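J.: Mind looking over this structure? Questions follow.
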Amino acid sequence: MPPKRVLSEWEAEFGIAGVTGEGFAALLDDVWAGLKVNGLESQLNGNNKVLWDGCRALGYEEGTDYHLIQRNATGCRQRCDFCTYGCIYTAKQSTALTFLPRAQATGARFIFNARAERVEIEGGVAKGVVATCVSGGRTHTLEVSAKAVVVAAGGIETPALLLRSGVKDRGVGAYLRLDPTAAVGGIFEHPVMPWSGPPQTVAVWKHIDLDGTYHGFWVEAAPAHPGLFALSIPWVSGRDHKDFMARYYARSSASIVLLRERSSGRVSIDRDGFPRVTYDMESADRDTMVRGMEETARILAAAGAVGIWTTHNSQVFAGDGKAKVGEPELDRFAEDLRREGVVYNRMMLYSAHIMGSCRMSSDPSLGPTSPTGELHTVSNLFIGDACVFPTTPAVNPMISIMAMAKRTAESIKLTMKEKRRS
Ligand SMILES: Cc1cc2nc3c(=O)[nH]c(=O)nc-3n(C[C@H](O)[C@H](O)[C@H](O)COP(=O)(O)OP(=O)(O)OC[C@H]3O[C@@H](n4cnc5c(N)ncnc54)[C@H](O)[C@@H]3O)c2cc1C
Ligand code: SF4
């Protein structure tokens with residue numbers, strides 16, 4: 001759930017009325033219930049357990065500084081090793097099992113293998129969508145006329161589609177947020193098997209408000225299946241890489257540090273209409289990320305790690321893989337971290353939360369999307385994805401995205417009714 005603090009920011013600074021109130025809380029609850037999110041399936045696999053144990057050993061307060069993540073699964077019982085790839089037991093309550101059947105039952109029709117090329121806009125009013133479809137091995141063009149068009153192609157493709165469609169607002173593509181993410185690995189004496197069971201069931205929130213402006217970091221476990229893990233470990237040579245995987249993978253944990261950043265980037269399009277992304281991290285965010293990696297290392301050490309590493313090319317490493325990492329090694333590790341810093345192409349960085357690139361604001365100079373979800377500059381064109389976040393929610397974003405989309409769906413009904421009347 002998005003913290004009250006963030007929702008107050010959206011309301012006070014961006015004029016999105018009502019998001020702190022009961023109406024929006026009901027939408028969040030509805031999404032929560034629709035996805036069958038519950039607290040009975042938050043089993044701690046080895047990867048999450050080391051975070052839990054480390055926080056407890058450091059004296060963090062359970063429920064405030066760290067807590068279990070509730071999951072949209074029923075009957076999972078941590079029974080398999082492939083959660084990242086989808087759920088063959090239909091335990092995971094994804095949209096394929098929840099919202100899409102609901103939409104179909106109320107008359108929605110789906111077109112697969114289709115790429116929206118542009119929104120048709122005439123005289124500042126959206127009229128429909130032109131798409132390229134592939135079916136039966138043939139490619140053809142599909143034109144859909146619509147009274148209202150909702151674009152929900154994600155943080156990069158939505159602004160690209162709008163720009164390809166000729167939307168002129170300078171705010172389209174601006175303020176791209178990524179929750180920049182770094183990884184910290186731990187090696188333990190016991191098996192961790194970081195690929196098994198539910199990937200994420202613990203979140204560490206202690207450092208989310210580092211400076212009173214709610215810019216800080218949080219820590220979670222990463223879904224460390226072999227491919228993701230193998231591409232993340234520092235590369236020295238083929239032999240070293242193979243040796244590391246064979247020797248340590250099953251005893252390794254993989255944690256991620258996610259930043260609620262101050263920085264933002266921009267999505268533009270190249271001459272062929274494909275998206276181009278630019279993003280630069282401010283130095284304050286780089287410092288926060290270094291601090292995040294340091295604190296994560298302290299959690300892993302407290303959980304009994306015998307080795308700790310980051311994804312820097314230069315192998316920032318603590319411990320010898322045999323004895324528990326102690327205070328002096330942690331201090332040296334922190335010094336190495338600060339020296340290496342966060343420098344492009346010198347460490348691996350990630351992002352799984354792409355947001356903000358058509359942000360919502362009652363003031364058109366602050367964001368291209370109005371608080372109803374409709375673009376300020378194009379009538380009947382609505383945005384239904386993470387692009388609308390004026391600032392980031394400081395949590396994993398799915399529930400907030402879906403609740404904002406529901407809010408926009410409700411306002412489409414009202415807006416279209418009013419337009420019909422006038
Ligand atoms: C590995 C991973 C793990 C994650 N884990 C979590 C988690 O545990 N909890 C959480 O809350 N969040 C998680 N997230 C983040 C979450 O998945 C995203 O924030 C969310 O899906 C974004 O929603 P969206 O609607 O903005 O865009 P998307 O979900 O990306 O949807 C955009 C859709 O538009 C389609 N599309 C794009 N361009 C076009 C076009 N031109 N024409 C037609 N269709 C188009 C895309 O194929 C896609 O289906 C995770 C993300 C990743 C990558
Ligand atoms: S671990 Fe994931 S994939 Fe396996 S049963 Fe549970 S929800 Fe499904």
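Labels for the structure tokens follow display order: chains A, B, ..., residues from 1 in each chain, ligands from 1.
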For ligand 1, list the contacting residues at 9 Å or closer, counting only C-alpha atoms and all ligand atoms, as an mmCIF file with C-alpha atoms, in the first residue's frame.

T.:
```cif
data_model
loop_
_atom_site.group_PDB
_atom_site.id
_atom_site.type_symbol
_atom_site.label_atom_id
_atom_site.label_comp_id
_atom_site.auth_asym_id
_atom_site.auth_seq_id
_atom_site.Cartn_x
_atom_site.Cartn_y
_atom_site.Cartn_z
ATOM 1 C CA ARG A 71 1.244 -11.967 -1.292
ATOM 2 C CA THR A 84 9.737 -15.827 -11.290
ATOM 3 C CA PHE A 112 -3.240 -10.260 -29.029
ATOM 4 C CA ASN A 113 0.093 -9.692 -30.760
ATOM 5 C CA ALA A 114 -0.810 -6.101 -31.487
ATOM 6 C CA ARG A 115 1.445 -3.063 -31.232
ATOM 7 C CA ALA A 116 -0.236 0.306 -30.888
ATOM 8 C CA GLU A 117 1.556 2.538 -33.385
ATOM 9 C CA ARG A 118 -0.268 5.766 -32.662
ATOM 10 C CA ALA A 131 -2.059 -0.829 -34.400
ATOM 11 C CA THR A 132 0.050 -3.390 -36.200
ATOM 12 C CA VAL A 151 -2.936 4.294 -22.980
ATOM 13 C CA ALA A 152 -1.263 1.882 -20.542
ATOM 14 C CA ALA A 153 1.915 0.749 -22.284
ATOM 15 C CA GLY A 154 4.243 1.257 -19.306
ATOM 16 C CA GLY A 155 6.687 3.952 -18.166
ATOM 17 C CA ILE A 156 8.736 3.938 -21.367
ATOM 18 C CA GLU A 157 6.317 2.952 -24.121
ATOM 19 C CA THR A 158 3.396 5.172 -23.033
ATOM 20 C CA ALA A 160 6.822 7.061 -26.724
ATOM 21 C CA LEU A 161 3.360 6.247 -28.101
ATOM 22 C CA PRO A 199 10.842 -14.653 -4.137
ATOM 23 C CA GLN A 200 9.878 -11.664 -1.973
ATOM 24 C CA ALA A 222 15.810 -10.643 -5.261
ATOM 25 C CA PRO A 223 14.333 -13.554 -7.236
ATOM 26 C CA SER A 351 15.300 -1.073 -12.310
ATOM 27 C CA ALA A 352 11.986 -2.935 -12.168
ATOM 28 C CA HIS A 353 9.812 0.085 -11.303
ATOM 29 C CA ILE A 354 9.417 2.437 -14.253
ATOM 30 C CA MET A 355 7.158 5.335 -13.416
ATOM 31 C CA GLY A 384 -3.812 4.103 -17.063
ATOM 32 C CA ASP A 385 -0.383 2.989 -15.878
ATOM 33 C CA ALA A 386 2.598 3.868 -13.664
ATOM 34 C CA CYS A 387 3.376 6.923 -15.796
ATOM 35 C CA VAL A 388 0.862 8.979 -13.823
ATOM 36 C CA VAL A 395 6.775 0.680 -2.057
ATOM 37 C CA ASN A 396 6.517 -2.012 -4.712
ATOM 38 C CA PRO A 397 4.146 -0.178 -7.031
ATOM 39 C CA MET A 398 1.604 -2.671 -8.432
ATOM 40 C CA ILE A 399 -1.217 -2.030 -5.972
ATOM 41 C CA SER A 400 -0.863 1.750 -6.347
ATOM 42 C CA ILE A 401 -0.777 1.476 -10.161
ATOM 43 C CA MET A 402 -3.932 -0.597 -10.256
ATOM 44 C CA ALA A 405 -6.049 2.971 -12.940
#
```

J.: Report as number ranges by chain all protein, DNA and RNA residues lying within 8 Å of stretch 313-329 of chain A, evaluated on only C-alpha atoms, omitting residues in the same chain fewer than 4 positions from it.

T.: A: 187-189, 234-235, 301, 304-309, 333, 336-337, 346-347

J.: Would you save the residues of that selection, restricted to C-alpha atoms, as a PDB file, in the first residue's frame?

T.:
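The resulting file, selection.pdb, is reproduced below:
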```pdb
ATOM      1  CA  ILE A 187      27.494 -16.304   1.225  1.00  0.00           C
ATOM      2  CA  PHE A 188      26.459 -18.501   4.140  1.00  0.00           C
ATOM      3  CA  GLU A 189      27.640 -21.767   5.668  1.00  0.00           C
ATOM      4  CA  PRO A 234      31.459  -9.932 -10.615  1.00  0.00           C
ATOM      5  CA  TRP A 235      33.314 -11.204 -13.689  1.00  0.00           C
ATOM      6  CA  ALA A 301      26.705 -10.067   8.432  1.00  0.00           C
ATOM      7  CA  GLY A 304      25.915 -14.937   9.796  1.00  0.00           C
ATOM      8  CA  ALA A 305      27.290 -14.310   6.290  1.00  0.00           C
ATOM      9  CA  VAL A 306      30.809 -15.629   5.656  1.00  0.00           C
ATOM     10  CA  GLY A 307      31.163 -13.567   2.485  1.00  0.00           C
ATOM     11  CA  ILE A 308      29.512 -10.391   1.162  1.00  0.00           C
ATOM     12  CA  TRP A 309      29.872  -8.867  -2.278  1.00  0.00           C
ATOM     13  CA  PHE A 333      34.060  -3.083   3.087  1.00  0.00           C
ATOM     14  CA  ASP A 336      35.851   0.221  -0.325  1.00  0.00           C
ATOM     15  CA  LEU A 337      32.237   0.913  -1.164  1.00  0.00           C
ATOM     16  CA  ARG A 346      31.622   0.158 -13.040  1.00  0.00           C
ATOM     17  CA  MET A 347      28.809  -1.721 -11.324  1.00  0.00           C
TER      18      MET A 347
END
```

J.: Between A:Val6, A:Leu375, A:Leu330, A:Ala91, single out the one closest to ligand 2, counting only C-alpha atoms and all ligand atoms.

T.: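 Closest to ligand 2 of all the choices is A:Ala91.
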
J.: May I ask you to write as a list in words all residues lying at most 6 Å from ligand 2, with only C-alpha atoms and all ligand atoms counted?

T.: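 The residues within 6 Å of ligand 2, counting only C-alpha atoms and all ligand atoms, are Ala73, Cys76, Gln78, Arg79, Cys80, Phe82, Cys83, Gly86, Cys87, Tyr89, Ala91, Lys92, Gly197 and Pro198 of chain A.
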
J.: One decimal, Å: what's the distance from atom CA of A:Val37 over to atom CA of A:Glu22, could you say?

T.: 19.7 Å

J.: When you count only C-alpha atoms, which of these residues is closest to A:Thr181: A:Thr288, A:Thr377, A:Ser94, A:Asn345?

T.: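 Under the stated criterion, the closest residue is A:Thr288.
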
J.: Return the single residue from A:Thr98, A:Ser42, A:Asn47, A:Ser264 that is closest to A:Pro390, with distances computed using only C-alpha atoms.

T.: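 Smallest separation from A:Pro390 among the options: A:Ser264.
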
J.: Counting only C-alpha atoms, what is within 12 Å of A:Leu231, bar same-chain residues fewer than 5 positions away, as a list in words?

T.: Ala183, Ala224, His225, Pro226, His241, Lys242, Phe244, Met245, Thr311, Asn313, Met347, Met348, Leu349 and Tyr350 of chain A

J.: Just write the chosen residues, C-alpha atoms, as a PDB file, in the first residue's frame.

T.:
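Final file, selection_29.pdb:
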```
ATOM      1  CA  ALA A 183      22.318  -5.796  -5.390  1.00  0.00           C
ATOM      2  CA  ALA A 224      17.758 -15.163  -7.714  1.00  0.00           C
ATOM      3  CA  HIS A 225      17.161 -17.832 -10.320  1.00  0.00           C
ATOM      4  CA  PRO A 226      20.364 -19.105 -11.986  1.00  0.00           C
ATOM      5  CA  HIS A 241      32.691 -17.430 -12.722  1.00  0.00           C
ATOM      6  CA  LYS A 242      32.030 -21.155 -13.043  1.00  0.00           C
ATOM      7  CA  PHE A 244      31.843 -19.116  -7.947  1.00  0.00           C
ATOM      8  CA  MET A 245      28.529 -20.515  -9.202  1.00  0.00           C
ATOM      9  CA  THR A 311      28.093  -6.023  -8.268  1.00  0.00           C
ATOM     10  CA  ASN A 313      33.460  -4.717 -11.506  1.00  0.00           C
ATOM     11  CA  MET A 347      28.809  -1.721 -11.324  1.00  0.00           C
ATOM     12  CA  MET A 348      25.529  -3.348 -12.248  1.00  0.00           C
ATOM     13  CA  LEU A 349      22.392  -1.327 -11.556  1.00  0.00           C
ATOM     14  CA  TYR A 350      18.811  -2.424 -12.112  1.00  0.00           C
TER      15      TYR A 350
END
```

J.: Of the residues A:Ser135, A:Thr392, A:Ser165, A:Ser370, which is the one nearest to A:Arg260, using only C-alpha atoms?

T.: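 Comparing A:Ser135, A:Thr392, A:Ser165, A:Ser370 against A:Arg260, the winner is A:Thr392.
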
J.: Restricting the calculation to only C-alpha atoms: of A:Arg420, A:Glu282, A:Arg271, A:Leu381, which residue gets closest to A:Val129?

T.: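 For A:Val129, the nearest of the candidates is A:Leu381.
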
J.: Between atom CA of A:Gly54 and atom CA of A:Leu300, what is the distance in Å, rounded to a tenth?

T.: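 These two atoms are separated by 5.7 Å.
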
J.: Atom CA of A:Arg109 to atom CA of A:Ala26: how many Å, to one decimal?

T.: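 Separating atom CA of A:Arg109 from atom CA of A:Ala26 is a distance of 27.1 Å.
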